[in-house]
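Shown next: input-v9.tsv, containing TSV, C-alpha atoms.
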chain	number	residue	atom	x	y	z
A	211	MET	CA	-0.33	-17.43	-16.18
A	212	ARG	CA	3.40	-17.02	-16.29
A	213	PRO	CA	5.12	-20.44	-16.08
A	214	ASP	CA	8.26	-19.06	-14.46
A	215	PHE	CA	6.77	-17.98	-11.13
A	216	LYS	CA	8.04	-19.50	-7.94
A	217	GLU	CA	4.78	-20.64	-6.34
A	218	VAL	CA	4.82	-19.84	-2.62
A	219	PHE	CA	1.92	-20.97	-0.43
A	220	VAL	CA	1.17	-19.19	2.86
A	221	PHE	CA	-1.18	-20.58	5.51
A	222	VAL	CA	-2.26	-19.32	8.91
A	223	LEU	CA	-3.10	-22.30	11.08
A	224	GLY	CA	-4.97	-22.95	14.29
A	225	LYS	CA	-5.85	-26.59	14.88
A	226	THR	CA	-7.29	-27.65	11.52
A	227	PRO	CA	-4.38	-28.74	9.31
A	228	GLN	CA	-6.84	-30.23	6.81
A	229	VAL	CA	-7.22	-26.81	5.14
A	230	ILE	CA	-3.60	-27.06	3.98
A	231	THR	CA	-4.05	-30.28	2.01
A	232	GLU	CA	-7.53	-29.27	0.85
A	233	THR	CA	-6.21	-26.00	-0.60
A	234	ILE	CA	-3.17	-27.61	-2.21
A	235	TYR	CA	-5.39	-30.34	-3.67
A	236	CYS	CA	-7.65	-27.76	-5.33
A	237	LEU	CA	-4.71	-25.90	-6.84
A	238	MET	CA	-3.19	-29.15	-8.12
A	239	GLN	CA	-6.44	-29.79	-10.03
A	240	GLN	CA	-6.17	-26.58	-12.02
A	241	GLN	CA	-4.91	-26.58	-15.62
A	242	PRO	CA	-2.01	-26.29	-15.58
A	243	PRO	CA	-1.60	-27.59	-12.01
A	244	ILE	CA	-0.25	-25.15	-9.45
A	245	VAL	CA	2.21	-27.02	-7.27
A	246	PRO	CA	4.02	-25.26	-4.42
A	247	HIS	CA	7.74	-24.68	-4.58
A	248	ARG	CA	7.65	-23.58	-0.94
A	249	ILE	CA	5.09	-23.62	1.87
A	250	TYR	CA	5.02	-21.34	4.89
A	251	ILE	CA	2.73	-22.18	7.80
A	252	LEU	CA	2.28	-19.47	10.42
A	253	THR	CA	0.88	-20.84	13.65
A	254	THR	CA	1.11	-21.17	17.45
A	255	THR	CA	2.99	-23.82	19.43
A	256	GLU	CA	-0.30	-25.74	19.79
A	257	GLY	CA	-0.92	-25.47	16.07
A	258	LYS	CA	2.58	-26.72	15.34
A	259	ARG	CA	2.05	-29.79	17.54
A	260	THR	CA	-1.23	-30.57	15.80
A	261	LEU	CA	0.37	-30.07	12.39
A	262	GLU	CA	3.31	-32.37	13.12
A	263	ALA	CA	1.07	-35.05	14.58
A	264	GLN	CA	-1.60	-35.09	11.87
A	265	LEU	CA	-0.08	-33.89	8.61
A	266	LEU	CA	3.70	-34.10	8.33
A	267	GLY	CA	6.24	-36.90	8.06
A	268	SER	CA	4.76	-39.72	6.00
A	269	GLY	CA	1.30	-38.29	6.58
A	270	PRO	CA	-1.40	-36.81	4.35
A	271	LEU	CA	0.71	-33.96	2.95
A	272	GLU	CA	3.31	-36.30	1.47
A	273	GLY	CA	0.52	-38.64	0.38
A	274	LEU	CA	-1.21	-35.81	-1.50
A	275	PHE	CA	1.89	-35.12	-3.57
A	276	ARG	CA	2.56	-38.76	-4.34
A	277	GLU	CA	-1.03	-39.71	-5.18
A	278	PHE	CA	-1.28	-36.96	-7.77
A	279	GLY	CA	2.09	-37.60	-9.38
A	280	HIS	CA	4.22	-34.88	-7.80
A	281	ARG	CA	7.48	-35.18	-5.93
A	282	PRO	CA	6.95	-34.46	-2.21
A	283	LEU	CA	8.22	-31.09	-1.10
A	284	PRO	CA	11.70	-31.21	0.50
A	285	ARG	CA	11.48	-30.58	4.23
A	286	GLU	CA	13.58	-27.41	3.94
A	287	ASP	CA	10.93	-25.95	1.62
A	288	LEU	CA	8.19	-26.42	4.21
A	289	GLN	CA	8.69	-23.94	7.00
A	290	ILE	CA	6.62	-23.79	10.17
A	291	ILE	CA	6.88	-20.40	11.82
A	292	VAL	CA	5.55	-19.95	15.36
A	293	PHE	CA	4.17	-16.56	16.36
A	294	ARG	CA	5.94	-14.82	19.21
A	295	ALA	CA	4.82	-12.37	21.86
A	296	ARG	CA	6.41	-8.93	22.20
A	297	ASP	CA	8.96	-10.37	24.64
A	298	GLY	CA	9.98	-13.10	22.18
A	299	THR	CA	8.11	-15.92	23.91
A	300	PRO	CA	6.51	-18.43	21.50
A	301	LEU	CA	2.72	-18.11	21.58
A	302	SER	CA	0.69	-21.18	22.49
A	303	ASP	CA	-2.49	-19.23	21.74
A	304	ILE	CA	-3.63	-15.69	21.03
A	305	ARG	CA	-5.19	-14.67	24.32
A	306	THR	CA	-4.58	-10.95	24.77
A	307	SER	CA	-4.82	-7.79	22.70
A	308	GLN	CA	-1.03	-7.52	22.90
A	309	ASP	CA	-0.67	-11.03	21.45
A	310	ASN	CA	-3.19	-10.14	18.76
A	311	GLU	CA	-1.26	-7.02	17.78
A	312	ALA	CA	2.06	-8.90	17.72
A	313	VAL	CA	0.56	-11.50	15.36
A	314	GLY	CA	-0.84	-8.77	13.10
A	315	ASP	CA	2.52	-7.02	12.90
A	316	PHE	CA	4.31	-10.29	12.14
A	317	ILE	CA	1.92	-11.40	9.37
A	318	THR	CA	2.03	-7.96	7.74
A	319	THR	CA	5.82	-7.77	7.77
A	320	PHE	CA	6.10	-11.38	6.59
A	321	ILE	CA	3.91	-10.78	3.52
A	322	LYS	CA	5.65	-7.48	2.81
A	323	ASP	CA	9.03	-9.24	2.73
A	324	LEU	CA	7.82	-12.09	0.51
A	325	ALA	CA	6.24	-9.63	-1.93
A	326	ARG	CA	9.59	-7.91	-2.55
A	327	ASP	CA	10.58	-10.69	-4.98
A	328	PRO	CA	8.88	-10.24	-8.39
A	329	ARG	CA	9.63	-13.87	-9.25
A	330	VAL	CA	7.38	-15.10	-6.43
A	331	ARG	CA	3.63	-15.59	-6.72
A	332	LEU	CA	1.89	-15.80	-3.36
A	333	HIS	CA	-1.04	-18.14	-2.73
A	334	CYS	CA	-2.57	-17.28	0.64
A	335	SER	CA	-5.34	-19.10	2.47
A	336	LEU	CA	-7.74	-17.19	4.73
A	337	VAL	CA	-9.05	-20.22	6.58
A	338	GLY	CA	-7.44	-22.54	9.08
A	339	GLY	CA	-6.53	-20.14	11.86
A	340	ARG	CA	-8.33	-17.77	14.14
A	341	LYS	CA	-10.51	-15.27	12.29
A	342	THR	CA	-8.12	-12.45	13.21
A	343	MET	CA	-5.24	-14.34	11.54
A	344	GLY	CA	-7.20	-14.50	8.30
A	345	PHE	CA	-8.12	-10.84	8.61
A	346	TYR	CA	-4.48	-9.82	9.03
A	347	LEU	CA	-3.40	-12.00	6.11
A	348	GLY	CA	-6.05	-10.51	3.82
A	349	MET	CA	-5.16	-6.96	4.85
A	350	ALA	CA	-1.44	-7.64	4.36
A	351	LEU	CA	-2.18	-8.72	0.78
A	352	SER	CA	-4.22	-5.55	0.25
A	353	PHE	CA	-1.26	-3.50	1.45
A	354	PHE	CA	1.51	-5.32	-0.42
A	355	GLY	CA	0.03	-7.84	-2.88
A	356	ARG	CA	0.93	-7.65	-6.58
A	357	PRO	CA	-1.54	-8.24	-9.45
A	358	TRP	CA	-0.52	-11.91	-9.68
A	359	ASP	CA	-0.82	-12.77	-5.96
A	360	LYS	CA	-3.83	-14.84	-4.86
A	361	LEU	CA	-6.12	-15.12	-1.84
A	362	TYR	CA	-8.26	-18.23	-1.29
A	363	HIS	CA	-11.00	-19.69	0.86
A	364	VAL	CA	-11.47	-23.45	0.69
A	365	LEU	CA	-15.06	-24.67	0.89
A	366	VAL	CA	-15.74	-28.18	2.15
A	367	ASP	CA	-19.07	-29.94	2.51
A	368	PRO	CA	-20.10	-30.24	6.19
A	369	LYS	CA	-20.23	-34.03	5.78
A	370	LEU	CA	-16.49	-34.03	5.15
A	371	GLU	CA	-15.66	-31.31	7.69
A	372	SER	CA	-16.98	-33.57	10.43
A	373	ARG	CA	-14.55	-36.32	9.48
A	374	PRO	CA	-11.17	-35.88	11.20
A	375	ASP	CA	-9.60	-38.39	8.79
A	376	PHE	CA	-10.48	-36.39	5.66
A	377	PHE	CA	-7.60	-34.35	4.21
A	378	TYR	CA	-8.33	-34.37	0.46
A	379	PRO	CA	-10.30	-36.41	-2.09
A	380	SER	CA	-8.01	-39.34	-2.78
A	381	PRO	CA	-7.98	-41.07	-6.18
A	382	GLN	CA	-8.70	-44.19	-4.11
A	383	ARG	CA	-11.53	-42.43	-2.26
A	384	PRO	CA	-14.44	-44.44	-0.89
A	385	GLU	CA	-17.37	-44.99	-3.21
A	386	GLY	CA	-19.80	-42.09	-3.06
A	387	GLU	CA	-17.22	-39.52	-1.90
A	388	SER	CA	-17.50	-36.81	-4.54
A	389	VAL	CA	-14.78	-34.34	-5.44
A	390	SER	CA	-17.56	-31.78	-5.94
A	391	LEU	CA	-17.84	-31.57	-2.15
A	392	ILE	CA	-14.65	-29.49	-2.00
A	393	ASP	CA	-14.10	-26.21	-3.82
A	394	LEU	CA	-11.69	-23.29	-3.75
A	395	ALA	CA	-12.90	-19.69	-3.90
A	396	ASP	CA	-10.47	-17.23	-5.48
A	397	LEU	CA	-11.17	-14.08	-3.48
A	398	PRO	CA	-10.73	-10.61	-4.99
A	399	PHE	CA	-9.08	-7.99	-2.82
A	400	VAL	CA	-8.24	-4.31	-3.12
A	401	ARG	CA	-4.59	-3.80	-4.09
A	402	LEU	CA	-3.09	-0.64	-2.60
A	403	ARG	CA	0.58	-1.34	-3.28
A	404	ASP	CA	0.84	0.81	-6.42
A	405	ARG	CA	-1.64	3.43	-5.23
A	406	ILE	CA	-0.16	4.64	-1.96
A	407	ASP	CA	3.27	4.68	-0.33
A	408	LEU	CA	3.37	2.68	2.90
A	409	THR	CA	6.47	3.23	5.01
A	410	GLN	CA	5.35	2.14	8.48
A	411	SER	CA	6.05	-1.32	9.88
A	412	GLY	CA	3.31	-2.02	12.45
A	413	PHE	CA	-0.15	-3.10	11.30
A	414	ARG	CA	-1.96	-0.36	13.21
A	415	GLN	CA	0.41	2.30	11.85
A	416	LEU	CA	0.01	0.95	8.31
A	417	VAL	CA	-3.77	1.23	8.57
A	418	GLN	CA	-3.50	4.82	9.80
A	419	GLU	CA	-1.01	5.70	7.05
A	420	GLY	CA	-3.14	4.04	4.39
A	421	GLN	CA	-6.31	5.77	5.59
A	422	ARG	CA	-4.59	9.15	5.49
A	423	ALA	CA	-3.38	8.54	1.93
A	424	ILE	CA	-6.86	7.44	0.83
A	425	ASP	CA	-8.45	10.48	2.46
A	426	LEU	CA	-5.99	12.72	0.64
A	427	ALA	CA	-6.78	11.05	-2.67
A	428	ILE	CA	-10.57	10.99	-2.30
A	429	PHE	CA	-11.51	14.13	-0.42
A	430	GLN	CA	-9.79	16.63	-2.68
A	431	GLU	CA	-11.46	19.29	-4.80
A	432	PRO	CA	-10.16	20.68	-8.11
A	433	VAL	CA	-7.96	23.76	-8.02
A	434	ARG	CA	-8.08	26.37	-10.79
A	435	ILE	CA	-5.77	29.36	-11.00
A	436	ASN	CA	-6.31	32.07	-13.60
A	437	LEU	CA	-3.84	34.95	-13.82
A	438	ARG	CA	-5.98	36.97	-16.21
A	439	ASP	CA	-8.64	37.56	-13.58
A	440	SER	CA	-6.32	37.05	-10.58
A	441	SER	CA	-8.42	34.18	-9.27
A	442	LEU	CA	-7.76	31.03	-7.29
A	443	THR	CA	-10.76	28.72	-7.02
A	444	ILE	CA	-10.83	25.53	-4.95
A	445	GLY	CA	-13.97	23.51	-5.53
A	446	GLY	CA	-16.64	26.16	-5.68
A	447	ARG	CA	-14.85	28.62	-3.40
A	448	ARG	CA	-12.74	31.56	-4.38
A	449	VAL	CA	-9.67	32.07	-2.19
A	450	SER	CA	-8.30	35.57	-1.72
A	451	LEU	CA	-4.54	35.95	-2.22
A	452	SER	CA	-2.52	39.06	-3.02
A	453	PRO	CA	-1.01	39.13	-6.55
A	454	VAL	CA	2.48	38.21	-5.38
A	455	LEU	CA	1.16	35.33	-3.24
A	456	LEU	CA	-1.01	34.14	-6.12
A	457	ALA	CA	2.02	34.17	-8.44
A	458	PHE	CA	4.06	32.39	-5.75
A	459	TYR	CA	1.43	29.69	-5.18
A	460	ARG	CA	1.23	29.17	-8.94
A	461	VAL	CA	4.87	28.03	-8.83
A	462	PHE	CA	3.87	25.04	-6.66
A	463	LEU	CA	0.94	24.16	-8.90
A	464	LEU	CA	3.16	24.23	-11.98
A	465	GLN	CA	5.82	22.23	-10.17
A	466	LYS	CA	3.23	19.57	-9.42
A	467	VAL	CA	1.93	19.42	-12.99
A	468	THR	CA	5.11	19.83	-15.06
A	469	ARG	CA	7.91	18.56	-12.83
A	470	CYS	CA	6.52	15.25	-11.62
A	471	ARG	CA	9.39	12.91	-10.64
A	472	ASN	CA	7.22	9.78	-10.67
A	473	PRO	CA	4.90	10.06	-13.69
A	474	GLU	CA	4.27	6.31	-13.65
A	475	ARG	CA	2.26	6.70	-10.44
A	476	PRO	CA	-1.47	6.93	-11.23
A	477	TYR	CA	-2.05	9.09	-8.14
A	478	CYS	CA	0.18	11.52	-6.27
A	479	GLY	CA	-0.85	10.38	-2.78
A	480	PRO	CA	1.86	11.17	-0.23
A	481	CYS	CA	4.60	11.49	-2.88
A	482	SER	CA	6.87	14.51	-2.34
A	483	GLY	CA	9.23	13.98	-5.26
A	484	CYS	CA	8.41	17.35	-6.82
A	485	PHE	CA	8.90	19.35	-3.60
A	486	LEU	CA	11.53	22.12	-3.64
A	487	SER	CA	14.23	22.93	-1.12
A	488	LEU	CA	14.55	26.41	0.33
A	489	THR	CA	17.70	26.86	-1.75
A	490	GLU	CA	15.75	26.05	-4.92
A	491	LEU	CA	12.87	28.31	-3.89
A	492	SER	CA	15.24	31.22	-3.40
A	493	GLY	CA	17.00	30.63	-6.73
A	494	PRO	CA	16.55	32.29	-10.14
A	495	SER	CA	14.09	29.72	-11.50
A	496	VAL	CA	11.41	30.44	-8.90
A	497	TYR	CA	12.10	34.18	-9.09
A	498	ASN	CA	11.50	34.09	-12.85
A	499	ALA	CA	8.33	32.05	-12.42
A	500	VAL	CA	6.91	34.53	-9.88
A	501	LEU	CA	7.85	37.44	-12.15
A	502	GLU	CA	6.12	35.71	-15.07
A	503	GLY	CA	3.04	35.26	-12.90
A	504	LEU	CA	2.99	38.94	-11.91
A	505	ARG	CA	3.27	39.98	-15.55
A	506	GLY	CA	0.36	37.67	-16.31
A	507	ILE	CA	-1.69	39.42	-13.63
A	508	TYR	CA	-0.68	43.04	-14.23
A	509	GLY	CA	0.38	42.93	-17.88
A	510	PRO	CA	3.91	42.88	-19.39
A	511	GLY	CA	4.56	46.61	-18.98
A	512	SER	CA	3.29	46.89	-15.40
A	513	GLY	CA	5.26	49.01	-12.97
A	514	ARG	CA	4.41	46.63	-10.11
A	515	ALA	CA	5.95	43.68	-11.93
A	516	GLU	CA	9.01	45.82	-12.72
A	517	ASN	CA	9.30	46.82	-9.04
A	518	PHE	CA	9.43	43.14	-8.12
A	519	LYS	CA	12.06	42.58	-10.81
A	520	ASN	CA	14.18	45.51	-9.62
A	521	ARG	CA	14.07	44.26	-6.04
A	522	TRP	CA	15.18	40.67	-6.67
A	523	GLN	CA	16.89	40.36	-10.05
A	524	LYS	CA	20.34	41.49	-8.91
A	525	ARG	CA	20.20	39.12	-5.95
A	526	GLY	CA	19.53	36.18	-8.26
A	527	GLY	CA	16.37	35.22	-6.41
A	528	ILE	CA	14.04	35.95	-3.53
A	529	ASP	CA	15.53	35.98	-0.02
A	530	GLN	CA	14.85	32.82	1.96
A	531	ASP	CA	13.22	34.66	4.86
A	532	VAL	CA	10.81	36.29	2.39
A	533	ILE	CA	10.07	32.88	0.86
A	534	LEU	CA	9.13	31.57	4.32
A	535	GLN	CA	6.91	34.61	4.85
A	536	TYR	CA	5.15	33.88	1.56
A	537	VAL	CA	4.61	30.25	2.63
A	538	SER	CA	3.20	31.36	5.99
A	539	LYS	CA	0.84	33.91	4.43
A	540	VAL	CA	-0.48	31.48	1.81
A	541	ASN	CA	-1.15	28.83	4.45
A	542	ARG	CA	-2.82	31.38	6.72
A	543	ALA	CA	-5.20	32.30	3.91
A	544	PHE	CA	-6.05	28.62	3.42
A	545	ARG	CA	-6.65	28.11	7.14
A	546	ILE	CA	-8.99	31.11	7.20
A	547	ALA	CA	-10.84	29.60	4.23
A	548	ASP	CA	-10.98	26.27	6.13
A	549	LEU	CA	-9.00	24.45	3.44
A	550	GLY	CA	-7.04	21.37	4.43
A	551	ILE	CA	-3.50	20.08	4.08
A	552	PRO	CA	-3.65	18.97	0.40
A	553	TYR	CA	-3.91	22.61	-0.71
A	554	ARG	CA	-1.39	24.13	1.68
A	555	ILE	CA	2.34	24.43	1.13
A	556	SER	CA	3.70	21.61	3.28
A	557	PRO	CA	7.26	20.98	4.48
A	558	VAL	CA	8.86	17.53	4.46
A	559	GLY	CA	12.13	16.50	6.07
A	560	LYS	CA	13.71	17.54	9.31
A	561	ARG	CA	17.05	19.23	8.90
A	562	TYR	CA	16.80	20.09	5.22
A	563	LYS	CA	13.15	20.78	4.47
A	564	ARG	CA	11.52	20.71	1.06
A	565	TYR	CA	8.23	22.42	0.27
A	566	GLY	CA	5.31	21.52	-1.95
A	567	ILE	CA	1.62	20.63	-2.10
A	568	TYR	CA	0.04	17.17	-1.72
A	569	LEU	CA	-2.88	17.92	-4.01
A	570	ASP	CA	-3.22	15.34	-6.78
A	571	ARG	CA	-1.83	16.72	-10.04
A	572	SER	CA	-4.92	15.58	-11.99
A	573	LEU	CA	-7.01	18.16	-10.12
A	574	ILE	CA	-4.88	21.19	-11.06
A	575	ARG	CA	-5.79	23.65	-13.81
A	576	VAL	CA	-3.39	26.54	-14.49
A	577	MET	CA	-4.83	29.19	-16.82

Could the structure of this file be written out as structure tokens, please?
Amino acid sequence: MRPDFKEVFVFVLGKTPQVITETIYCLMQQQPPIVPHRIYILTTTEGKRTLEAQLLGSGPLEGLFREFGHRPLPREDLQIIVFRARDGTPLSDIRTSQDNEAVGDFITTFIKDLARDPRVRLHCSLVGGRKTMGFYLGMALSFFGRPWDKLYHVLVDPKLESRPDFFYPSPQRPEGESVSLIDLADLPFVRLRDRIDLTQSGFRQLVQEGQRAIDLAIFQEPVRINLRDSSLTIGGRRVSLSPVLLAFYRVFLLQKVTRCRNPERPYCGPCSGCFLSLTELSGPSVYNAVLEGLRGIYGPGSGRAENFKNRWQKRGGIDQDVILQYVSKVNRAFRIADLGIPYRISPVGKRYKRYGIYLDRSLIRVM
């Protein structure tokens, strides 16, 4: 455990503020103790009233710090944040699907913002609020959590849960009250942050974006191109392309394999860093690569390869309208073969488009 983390605790709260002190108590008992530098409590107006009445001021939270030898947290480092509806009205409860969605969006954005700081380690508690609050918090950590962030579920014996005056096992606890009746489960969760790029802001949109990226990564078949026998094989299927289209498509496969802009990424996912602009595609580099491909198909002394050379060499590249025709014809062949987006030549951008393939580079074999 790095000692220089800023320990930030995040709770979602309904009307059971005991989970806050119970969770903090368990973390204080670890070796070395984990003591919060800052606490965020996300709740409703009703939850805030309950929290202020039962926990804050000179209440159990301050008592927890003092009893276990820690300085109480300054009030400015304990922030209560009330959820708001779409119209900005503070929520007293989560009663509608619109309220539910607003809470999900807020929790997701909140965790995303906290996780921007590499000096911060997040400690998030699933319990204490409505079940949907815990769900959103867990999903937000899956989307944006780092390897050092934590997700917890505090477990308390039913005998203690039924006592409204129980907030944590005090050193001066009554005889017979065992500390073994409270435990903290460190929950594993899937971390997607370094696997897929998430650019959306709303929770629903993030789920859709994440699912698309996962589908692209999982449901892809290996691609093998062999110039010697003029073959393109995807999975177990052979795709029919003319020699010039095969040589053209090979450019995008090579671009993916040899010109990766983000080699530290374990998976390509939705990354388009290696995509080429129309200006680049119509330049001498791509022309030379296509010519090389044709010579690999026909042989170095082929008249067909020389015809291609004679047509485009003096122009310094292939005309842009011809490039777009090549793209269209390749994609048409893939549609006929019922092959999806990862294999097709896809455009990105609006005004100035770049072109490439989303297929993961680990699945490409160029012979």

Subject >> A:Ile533 surroundings by only C-alpha atoms, 9 Å radius, close-in-sequence under 6 positions cut, as a count of residues only >> reply: 4

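The nearest approach to A:Arg571 among the residues A:Asp287, A:Asp393, A:Glu232, A:Glu431, with only C-alpha atoms taken into account, belongs to A:Glu431.
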
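As for atom CA of A:Leu266 and atom CA of A:Asp315, they are spaced 27.5 Å apart.
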
Original post:
How many Å separate atom CA of A:Asp309 from atom CA of A:Asp297?
Top reply: 10.2 Å

**OP:** Pick out the closest residue to A:Leu408 from this set: A:Val313, A:Ala423, A:Gly348, A:Glu256. Count all atoms listed in the file.
**Re:** A:Ala423

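Counting from atom CA of A:Leu351, the distance to atom CA of A:Arg296 is 23.1 Å.
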
Subject >> Counting all atoms listed in the file, the option among A:Val218, A:Gly224, A:Leu455, A:Ile435 closest to A:Leu361 >> reply: A:Val218

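Around A:Val364, within 8 Å and counting only C-alpha atoms, the residues found are Val229, Glu232, Thr233, Ser335, Val337, Ile392, Asp393, Leu394 and Ala395 of chain A, once anything fewer than 4 positions away on its own chain is removed.
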
Sort by chain and increasing residue number a table of all residues of stretch 243-306 of chain A within 12 Å of stretch 375-383 of chain A, each with its closest pair of atoms and their distance in Å to one decimal, counting all atoms listed in the file, and write it as CSV.
residue,atom,partner,partner_atom,distance
A:Gln264,CA,A:Asp375,CA,9.2
A:Leu265,CA,A:Phe377,CA,8.7
A:Gly269,CA,A:Phe377,CA,10.0
A:Pro270,CA,A:Phe377,CA,6.7
A:Leu271,CA,A:Phe377,CA,8.4
A:Glu272,CA,A:Phe377,CA,11.4
A:Gly273,CA,A:Ser380,CA,9.1
A:Leu274,CA,A:Tyr378,CA,7.5
A:Phe275,CA,A:Ser380,CA,10.8
A:Arg276,CA,A:Ser380,CA,10.7
A:Glu277,CA,A:Pro381,CA,7.2
A:Phe278,CA,A:Pro381,CA,8.0
A:Gly279,CA,A:Pro381,CA,11.1

**OP:** Step by step: start from the point (-4.2, -15.9, 2.9) in the file's coordinates, keep every protein, DNA or RNA residue that has an atom no farther than 9 Å from it, count only C-alpha atoms, and write the set as a VMD selection string.
**Re:** chain A and resid 219 to 222 332 to 337 343 to 348 350 to 351 360 to 363

**OP:** Write out as a ChimeraX atom specification which residues come within 10 Å of A:Leu464 when counting all atoms listed in the file, dropping same-chain ones fewer than 3 positions away.
**Re:** /A:459-461,467-470,499,571,574-576

Quick one: axis-aligned box around all listed atoms of stretch 525-529 of chain A, 3 Å on every side, centre and edge lengths in Å to one decimal, written as lines of an AutoDock Vina configuration file.
center_x = 17.1
center_y = 37.2
center_z = -4.1
size_x = 12.2
size_y = 9.9
size_z = 14.2

Given the block above, output stretch 279-333 of chain A with C-alpha atoms as a PDB file, in the first residue's frame.
ATOM      1  CA  GLY A 279      -6.688   8.182  18.630  1.00  0.00           C
ATOM      2  CA  HIS A 280      -7.293  10.170  15.447  1.00  0.00           C
ATOM      3  CA  ARG A 281      -7.949  13.857  15.023  1.00  0.00           C
ATOM      4  CA  PRO A 282     -11.580  14.446  13.970  1.00  0.00           C
ATOM      5  CA  LEU A 283     -11.999  15.358  10.336  1.00  0.00           C
ATOM      6  CA  PRO A 284     -12.316  19.133   9.725  1.00  0.00           C
ATOM      7  CA  ARG A 285     -15.862  20.024   8.714  1.00  0.00           C
ATOM      8  CA  GLU A 286     -14.691  21.295   5.313  1.00  0.00           C
ATOM      9  CA  ASP A 287     -13.339  17.807   4.557  1.00  0.00           C
ATOM     10  CA  LEU A 288     -16.725  16.202   5.144  1.00  0.00           C
ATOM     11  CA  GLN A 289     -19.042  17.113   2.313  1.00  0.00           C
ATOM     12  CA  ILE A 290     -22.714  16.200   2.123  1.00  0.00           C
ATOM     13  CA  ILE A 291     -23.981  16.358  -1.433  1.00  0.00           C
ATOM     14  CA  VAL A 292     -27.726  16.194  -2.083  1.00  0.00           C
ATOM     15  CA  PHE A 293     -28.946  14.608  -5.305  1.00  0.00           C
ATOM     16  CA  ARG A 294     -30.919  16.862  -7.616  1.00  0.00           C
ATOM     17  CA  ALA A 295     -33.648  16.235 -10.155  1.00  0.00           C
ATOM     18  CA  ARG A 296     -33.230  17.185 -13.811  1.00  0.00           C
ATOM     19  CA  ASP A 297     -34.730  20.608 -13.074  1.00  0.00           C
ATOM     20  CA  GLY A 298     -32.231  21.255 -10.272  1.00  0.00           C
ATOM     21  CA  THR A 299     -34.651  20.605  -7.413  1.00  0.00           C
ATOM     22  CA  PRO A 300     -33.078  18.805  -4.426  1.00  0.00           C
ATOM     23  CA  LEU A 301     -34.430  15.254  -4.163  1.00  0.00           C
ATOM     24  CA  SER A 302     -36.145  14.236  -0.938  1.00  0.00           C
ATOM     25  CA  ASP A 303     -36.415  10.685  -2.270  1.00  0.00           C
ATOM     26  CA  ILE A 304     -35.933   8.744  -5.493  1.00  0.00           C
ATOM     27  CA  ARG A 305     -39.500   8.179  -6.623  1.00  0.00           C
ATOM     28  CA  THR A 306     -39.506   8.208 -10.427  1.00  0.00           C
ATOM     29  CA  SER A 307     -37.464   6.718 -13.246  1.00  0.00           C
ATOM     30  CA  GLN A 308     -36.348  10.255 -14.124  1.00  0.00           C
ATOM     31  CA  ASP A 309     -35.060  10.759 -10.570  1.00  0.00           C
ATOM     32  CA  ASN A 310     -33.345   7.386 -10.738  1.00  0.00           C
ATOM     33  CA  GLU A 311     -31.589   8.275 -13.991  1.00  0.00           C
ATOM     34  CA  ALA A 312     -30.513  11.679 -12.655  1.00  0.00           C
ATOM     35  CA  VAL A 313     -28.956  10.009  -9.597  1.00  0.00           C
ATOM     36  CA  GLY A 314     -27.161   7.466 -11.799  1.00  0.00           C
ATOM     37  CA  ASP A 315     -25.727  10.191 -14.012  1.00  0.00           C
ATOM     38  CA  PHE A 316     -24.581  12.206 -10.994  1.00  0.00           C
ATOM     39  CA  ILE A 317     -22.865   9.292  -9.215  1.00  0.00           C
ATOM     40  CA  THR A 318     -21.108   8.228 -12.414  1.00  0.00           C
ATOM     41  CA  THR A 319     -19.824  11.720 -13.194  1.00  0.00           C
ATOM     42  CA  PHE A 320     -18.824  12.256  -9.559  1.00  0.00           C
ATOM     43  CA  ILE A 321     -16.656   9.115  -9.453  1.00  0.00           C
ATOM     44  CA  LYS A 322     -15.210   9.891 -12.883  1.00  0.00           C
ATOM     45  CA  ASP A 323     -14.087  13.326 -11.669  1.00  0.00           C
ATOM     46  CA  LEU A 324     -12.573  12.000  -8.426  1.00  0.00           C
ATOM     47  CA  ALA A 325     -10.691   9.289 -10.322  1.00  0.00           C
ATOM     48  CA  ARG A 326      -8.866  11.872 -12.449  1.00  0.00           C
ATOM     49  CA  ASP A 327      -6.404  12.518  -9.599  1.00  0.00           C
ATOM     50  CA  PRO A 328      -3.762   9.742  -9.387  1.00  0.00           C
ATOM     51  CA  ARG A 329      -2.905  10.829  -5.837  1.00  0.00           C
ATOM     52  CA  VAL A 330      -6.385   9.886  -4.613  1.00  0.00           C
ATOM     53  CA  ARG A 331      -7.420   6.409  -3.514  1.00  0.00           C
ATOM     54  CA  LEU A 332     -11.175   5.924  -3.425  1.00  0.00           C
ATOM     55  CA  HIS A 333     -12.897   3.852  -0.742  1.00  0.00           C
TER      56      HIS A 333
END
